[in-house]
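For reference, start28.txt is printed below; it contains compact mmCIF, C-alpha atoms.
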```txt
# COMPACT_ATOMS: atom_id res chain seq x y z
CA VAL A 1 10.50 17.64 11.63
CA LYS A 2 7.63 17.56 14.11
CA LEU A 3 7.62 17.04 17.85
CA ALA A 4 4.81 14.99 19.40
CA ALA A 5 4.24 15.48 23.13
CA THR A 6 1.73 13.91 25.51
CA VAL A 7 1.37 14.71 29.21
CA LEU A 8 1.92 11.51 31.20
CA PHE A 9 0.93 12.96 34.55
CA HIS A 10 0.73 16.26 36.38
CA MET A 11 2.46 17.00 39.67
CA PRO A 12 0.49 19.33 41.91
CA SER A 13 2.25 22.65 42.33
CA ALA A 14 1.42 26.29 42.78
CA ALA A 15 2.32 26.99 39.14
CA LYS A 16 -1.06 28.51 38.27
CA MET A 17 -0.90 30.89 41.21
CA ARG A 18 2.65 31.91 40.26
CA GLY A 19 1.77 32.17 36.57
CA ALA A 20 4.40 29.53 35.78
CA GLU A 21 4.35 26.45 33.53
CA PRO A 22 2.60 23.44 35.08
CA PHE A 23 4.87 20.73 36.45
CA ASP A 24 4.07 17.92 34.01
CA ALA A 25 5.84 14.74 32.94
CA PHE A 26 5.83 14.23 29.16
CA HIS A 27 6.30 11.48 26.61
CA THR A 28 7.85 12.90 23.44
CA SER A 29 8.76 11.55 20.02
CA ILE A 30 9.92 12.88 16.66
CA LEU A 31 7.97 12.70 13.40
CA LEU A 32 9.81 12.73 10.09
CA GLY A 33 7.33 12.67 7.26
CA GLU A 34 4.83 9.92 8.00
CA VAL A 35 7.04 8.02 10.45
CA GLU A 36 7.30 8.41 14.21
CA TYR A 37 10.62 7.79 15.97
CA ALA A 38 10.52 7.12 19.71
CA PHE A 39 12.95 5.67 22.24
CA SER A 40 11.90 2.91 24.64
CA GLY A 41 13.32 -0.25 26.18
CA GLN A 42 13.43 -1.66 22.64
CA GLY A 43 15.72 1.13 21.42
CA ILE A 44 14.67 3.61 18.76
CA ARG A 45 11.47 2.45 17.13
CA ALA A 46 10.03 3.60 13.81
CA THR A 47 6.24 3.31 13.62
CA ARG A 48 3.17 4.91 12.12
CA PRO A 49 2.64 8.43 13.49
CA LEU A 50 1.69 8.67 17.18
CA VAL A 51 1.70 4.92 17.89
CA SER A 52 3.84 5.47 21.00
CA HIS A 53 1.31 8.03 22.26
CA ALA A 54 -1.89 6.10 21.46
CA MET A 55 -1.82 3.86 24.53
CA LEU A 56 -1.67 6.90 26.81
CA ASN A 57 -5.30 7.85 26.02
CA ARG A 58 -4.53 11.56 26.32
CA ASN A 59 -4.35 14.46 23.92
CA THR A 60 -1.10 14.61 21.98
CA GLU A 61 0.24 17.95 20.82
CA VAL A 62 2.08 17.82 17.48
CA ARG A 63 4.15 20.86 16.49
CA LEU A 64 6.17 21.58 13.39
CA ILE A 65 9.66 22.42 14.62
CA GLY A 66 11.47 22.88 11.32
CA HIS A 67 12.81 21.34 8.14
CA THR A 68 15.93 19.24 7.73
CA ASN A 69 18.11 17.91 4.96
CA PHE A 70 18.90 14.81 7.04
CA SER A 71 17.24 11.54 6.13
CA ALA A 72 15.76 9.20 8.69
CA SER A 73 18.48 6.64 7.89
CA GLN A 74 21.19 9.24 8.59
CA MET A 75 19.54 10.12 11.91
CA LEU A 76 19.25 6.46 12.91
CA SER A 77 22.78 5.67 11.79
CA PHE A 78 24.14 8.32 14.14
CA LEU A 79 21.75 8.07 17.12
CA ASN A 80 21.42 4.26 17.33
CA GLN A 81 24.88 4.06 18.87
CA PHE A 82 23.64 6.06 21.87
CA PHE A 83 20.08 4.68 22.18
CA GLN A 84 20.52 0.92 22.13
CA PRO A 85 17.82 -1.60 23.19
CA GLY A 86 17.91 -2.29 26.91
CA THR A 87 19.36 1.11 27.86
CA TYR A 88 16.11 2.98 28.58
CA ASP A 89 15.73 4.48 32.05
CA LEU A 90 12.73 6.48 33.23
CA ILE A 91 14.91 9.19 34.77
CA CYS A 92 18.38 9.03 33.22
CA LYS A 93 17.80 8.10 29.57
CA ASN A 94 14.27 8.27 28.22
CA CYS A 95 12.15 9.38 25.28
CA ASN A 96 12.85 13.03 26.06
CA SER A 97 16.62 12.41 25.99
CA PHE A 98 16.19 10.92 22.52
CA SER A 99 13.94 13.74 21.29
CA ASP A 100 16.44 16.32 22.56
CA CYS A 101 19.34 14.62 20.75
CA ALA A 102 17.32 14.05 17.56
CA LEU A 103 16.18 17.68 17.39
CA TYR A 104 19.73 18.85 17.90
CA LEU A 105 21.06 16.56 15.16
CA LEU A 106 18.28 17.35 12.68
CA LEU A 107 17.78 21.06 13.32
CA GLY A 108 20.48 22.34 15.65
CA GLN A 109 17.98 23.13 18.40
CA ARG A 110 17.20 21.67 21.79
CA LEU A 111 14.01 20.21 23.19
CA GLU A 112 12.19 22.85 25.25
CA ALA A 113 13.07 22.52 28.93
CA LYS A 114 9.44 22.01 30.01
CA TYR A 115 9.38 18.56 28.39
CA SER A 116 12.19 17.19 30.54
CA ARG A 117 11.74 19.21 33.73
CA MET A 118 10.27 16.25 35.64
CA GLU A 119 13.21 13.91 35.09
CA LYS A 120 15.74 16.68 35.75
CA THR A 121 14.01 17.25 39.09
CA GLY A 122 14.03 13.49 39.68
CA LYS A 123 17.75 13.26 38.95
CA ALA A 124 18.55 16.12 41.32
CA GLY A 125 16.28 14.71 44.02
CA GLN A 126 17.78 11.24 43.66
CA LYS A 127 21.30 12.64 43.99
CA ARG A 128 20.45 14.78 47.02
CA ILE A 129 17.98 12.73 49.02
CA GLY A 130 17.39 9.40 47.27
CA LEU A 131 14.03 10.68 46.00
CA MET A 132 13.20 7.68 43.82
CA SER A 133 13.91 5.31 46.68
CA ALA A 134 11.63 7.38 48.93
CA LEU A 135 8.86 7.34 46.31
CA ARG A 136 8.78 3.53 46.47
CA LEU A 137 7.13 3.98 49.85
CA ILE A 138 4.10 5.51 48.12
CA GLY A 139 3.98 2.96 45.32
CA MET A 140 6.24 4.36 42.60
CA ASN A 141 8.51 1.51 41.58
CA TYR A 142 11.48 3.13 39.92
CA LYS A 143 14.48 0.90 39.47
CA ALA A 144 17.58 2.43 37.93
CA ASN A 145 18.86 0.76 34.76
CA PRO A 146 22.59 0.15 35.24
CA ALA A 147 23.08 0.38 31.46
CA SER A 148 22.02 4.04 31.48
CA GLN A 149 23.53 5.50 34.62
CA ASN A 150 26.48 7.16 32.89
CA PHE A 151 24.43 8.54 30.00
CA GLN A 152 24.68 12.29 29.46
CA VAL A 153 22.71 14.15 26.79
CA ASP A 154 25.45 16.81 26.70
CA GLU A 155 28.01 14.17 25.68
CA VAL A 156 25.80 13.07 22.77
CA LEU A 157 25.34 16.69 21.73
CA ALA A 158 29.11 17.30 21.85
CA LYS A 159 29.63 14.23 19.63
CA THR A 160 26.90 15.59 17.36
CA ASP A 161 28.87 18.82 16.99
CA ILE A 162 31.96 16.83 15.97
CA TYR A 163 29.90 14.74 13.54
CA MET A 164 28.34 17.85 12.01
CA ARG A 165 31.71 19.58 11.56
CA GLY A 166 33.02 16.42 9.90
CA HIS A 167 30.15 16.59 7.42
CA GLY A 168 30.63 20.27 6.66
CA VAL A 169 27.55 21.48 8.55
CA GLN A 170 28.06 24.87 10.15
CA GLY A 171 26.07 26.42 12.96
CA HIS A 172 25.85 23.56 15.48
CA LYS A 173 27.43 25.08 18.56
CA LEU A 174 26.25 23.42 21.74
CA GLU A 175 27.20 26.32 24.01
CA ASP A 176 25.07 28.73 21.97
CA MET A 177 21.91 26.59 22.10
CA ASP A 178 21.74 25.12 25.58
CA PRO A 179 18.43 26.07 27.26
CA TYR A 180 19.79 24.73 30.57
CA ALA A 181 22.91 26.94 30.58
CA SER A 182 21.65 28.87 33.62
CA THR A 183 20.75 25.62 35.39
CA PRO A 184 23.46 23.55 37.06
CA ARG A 185 24.07 20.31 35.16
CA VAL A 186 22.86 17.25 37.00
CA CYS A 187 24.48 13.91 36.38
CA CYS A 188 22.44 10.75 36.14
CA CYS A 189 21.15 8.93 39.19
```
What is this structure when it is put down as C-alpha cells?
Amino acid sequence: VKLAATVLFHMPSAAKMRGAEPFDAFHTSILLGEVEYAFSGQGIRATRPLVSHAMLNRNTEVRLIGHTNFSASQMLSFLNQFFQPGTYDLICKNCNSFSDCALYLLLGQRLEAKYSRMEKTGKAGQKRIGLMSALRLIGMNYKANPASQNFQVDEVLAKTDIYMRGHGVQGHKLEDMDPYASTPRVCCC
C-alpha cells in the first residue's frame, strides 16, 4: 500500500519561523500494486498510477505505507458504500477522507494529520464564522454539497472496526490510532 500526495496550494503562514509544518492543501490517493484509487465527484476511481495527480503539474510524493492482505475488490466492496458518485465535497468529504478510510481499512493506520489540516481548518472556520462564504468575496467559489454534509470519517472508521471484527481481524481499535485525539472533533460544514 502506497500513499501518493501532491501539494495543491500553500497558505502563507509563519510555519518556517516557528519550525512547524507548512500549511498546505493536499490531494492524496492510494496505490495498490499498479493501480491508483482516488475519490472524486465520480466516486472511487481506479486508474493507472498517479493519473489523478498528473493534471496538477506538481511533484507528487509516493511513500510505501505498508503491506496488506486485503484485495482491491475487498477494499472497494467495503468503501464504495461510503464514497458514492456525486457525494464529493471539497471540505467535508474529499480525497483525503477516502485515503484516511482506505489506509485504516487496509493497514489499521490513519492518514497523517498534515494531509487534511487545510480542510479541518476550513470546517472549523465555516462553523465559527462562515469562512467559505467569506472566501467567495476573494474569488474562492466553494459550494457545499448537500449529499456530503453529514459525512464523518470517524463513523466510517467505527464501521470499519465492526467489519474487521466480523472478519476475524484483530488490532483495529479506532481509539488507539486516532492522530486527532487531542484535537476537538469538528463536524462537517
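Nearest to Phe9 in chain A of all the residues A:Thr68, A:Ser148, A:Asn57, A:Asn94 is A:Asn57, based on only C-alpha atoms.
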Range 36-39 of chain A surroundings by only C-alpha atoms, 8 Å radius, close-in-sequence under 6 positions cut, as a PyMOL selection string: chain A and resi 28-30+45-52+83+88+94-95+98-99
For the selection just defined, write its residues with C-alpha atoms to a file, as a CSV table (one decimal), keeping the file's coordinate frame.
```
chain,number,residue,atom,x,y,z
A,28,THR,CA,7.8,12.9,23.4
A,29,SER,CA,8.8,11.6,20.0
A,30,ILE,CA,9.9,12.9,16.7
A,45,ARG,CA,11.5,2.4,17.1
A,46,ALA,CA,10.0,3.6,13.8
A,47,THR,CA,6.2,3.3,13.6
A,48,ARG,CA,3.2,4.9,12.1
A,49,PRO,CA,2.6,8.4,13.5
A,50,LEU,CA,1.7,8.7,17.2
A,51,VAL,CA,1.7,4.9,17.9
A,52,SER,CA,3.8,5.5,21.0
A,83,PHE,CA,20.1,4.7,22.2
A,88,TYR,CA,16.1,3.0,28.6
A,94,ASN,CA,14.3,8.3,28.2
A,95,CYS,CA,12.2,9.4,25.3
A,98,PHE,CA,16.2,10.9,22.5
A,99,SER,CA,13.9,13.7,21.3
```
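The space separating CA of Gln84 in chain A from CA of Arg58 in chain A comes to 27.5 Å.
Using all atoms listed in the file, the nearest neighbour of Gly41 in chain A within the list A:Gln74, A:Gln149, A:Thr87, A:Thr160 is A:Thr87.
Among the candidates A:Ala54, A:Ile91, A:Leu3, A:Ala25, the one nearest to Asn150 in chain A when counting only C-alpha atoms is A:Ile91.
In this structure, CA of Val153 in chain A sits 6.4 Å away from CA of Ser97 in chain A.
Between Gln81 in chain A and the candidates A:Arg110, A:Ile44, A:Val35, A:Ile65, the tightest atom-to-atom separation, counting all atoms listed in the file, involves A:Ile44.
If all atoms listed in the file are the atoms counted, then among A:Val1, A:Val156, A:Cys92, A:Val7 the closest residue to Glu34 in chain A is A:Val1.
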Range 77-90 of chain A rebuilt with N, CA and C atoms, output as a compact mmCIF listing (two decimals), in the frame of the given file:
```txt
# COMPACT_ATOMS: atom_id res chain seq x y z
N SER A 77 21.39 6.12 11.85
CA SER A 77 22.78 5.67 11.79
C SER A 77 23.61 6.33 12.88
N PHE A 78 23.37 7.61 13.11
CA PHE A 78 24.14 8.32 14.14
C PHE A 78 23.60 8.05 15.55
N LEU A 79 22.30 8.14 15.76
CA LEU A 79 21.75 8.07 17.12
C LEU A 79 21.62 6.65 17.68
N ASN A 80 21.54 5.64 16.83
CA ASN A 80 21.42 4.26 17.33
C ASN A 80 22.56 3.87 18.25
N GLN A 81 23.74 4.41 18.02
CA GLN A 81 24.88 4.06 18.87
C GLN A 81 24.68 4.51 20.32
N PHE A 82 23.87 5.52 20.53
CA PHE A 82 23.64 6.06 21.87
C PHE A 82 22.35 5.53 22.51
N PHE A 83 21.40 5.07 21.69
CA PHE A 83 20.08 4.68 22.18
C PHE A 83 19.80 3.22 21.82
N GLN A 84 20.60 2.35 22.39
CA GLN A 84 20.52 0.92 22.13
C GLN A 84 19.36 0.28 22.91
N PRO A 85 18.83 -0.86 22.41
CA PRO A 85 17.82 -1.60 23.19
C PRO A 85 18.39 -1.95 24.57
N GLY A 86 17.52 -1.93 25.56
CA GLY A 86 17.91 -2.29 26.91
C GLY A 86 18.59 -1.20 27.70
N THR A 87 18.69 0.02 27.14
CA THR A 87 19.36 1.11 27.86
C THR A 87 18.41 2.19 28.34
N TYR A 88 17.11 1.99 28.15
CA TYR A 88 16.11 2.98 28.58
C TYR A 88 16.07 3.06 30.10
N ASP A 89 15.92 4.26 30.62
CA ASP A 89 15.73 4.48 32.05
C ASP A 89 14.77 5.64 32.21
N LEU A 90 13.77 5.48 33.05
CA LEU A 90 12.73 6.48 33.23
C LEU A 90 13.27 7.86 33.57
```
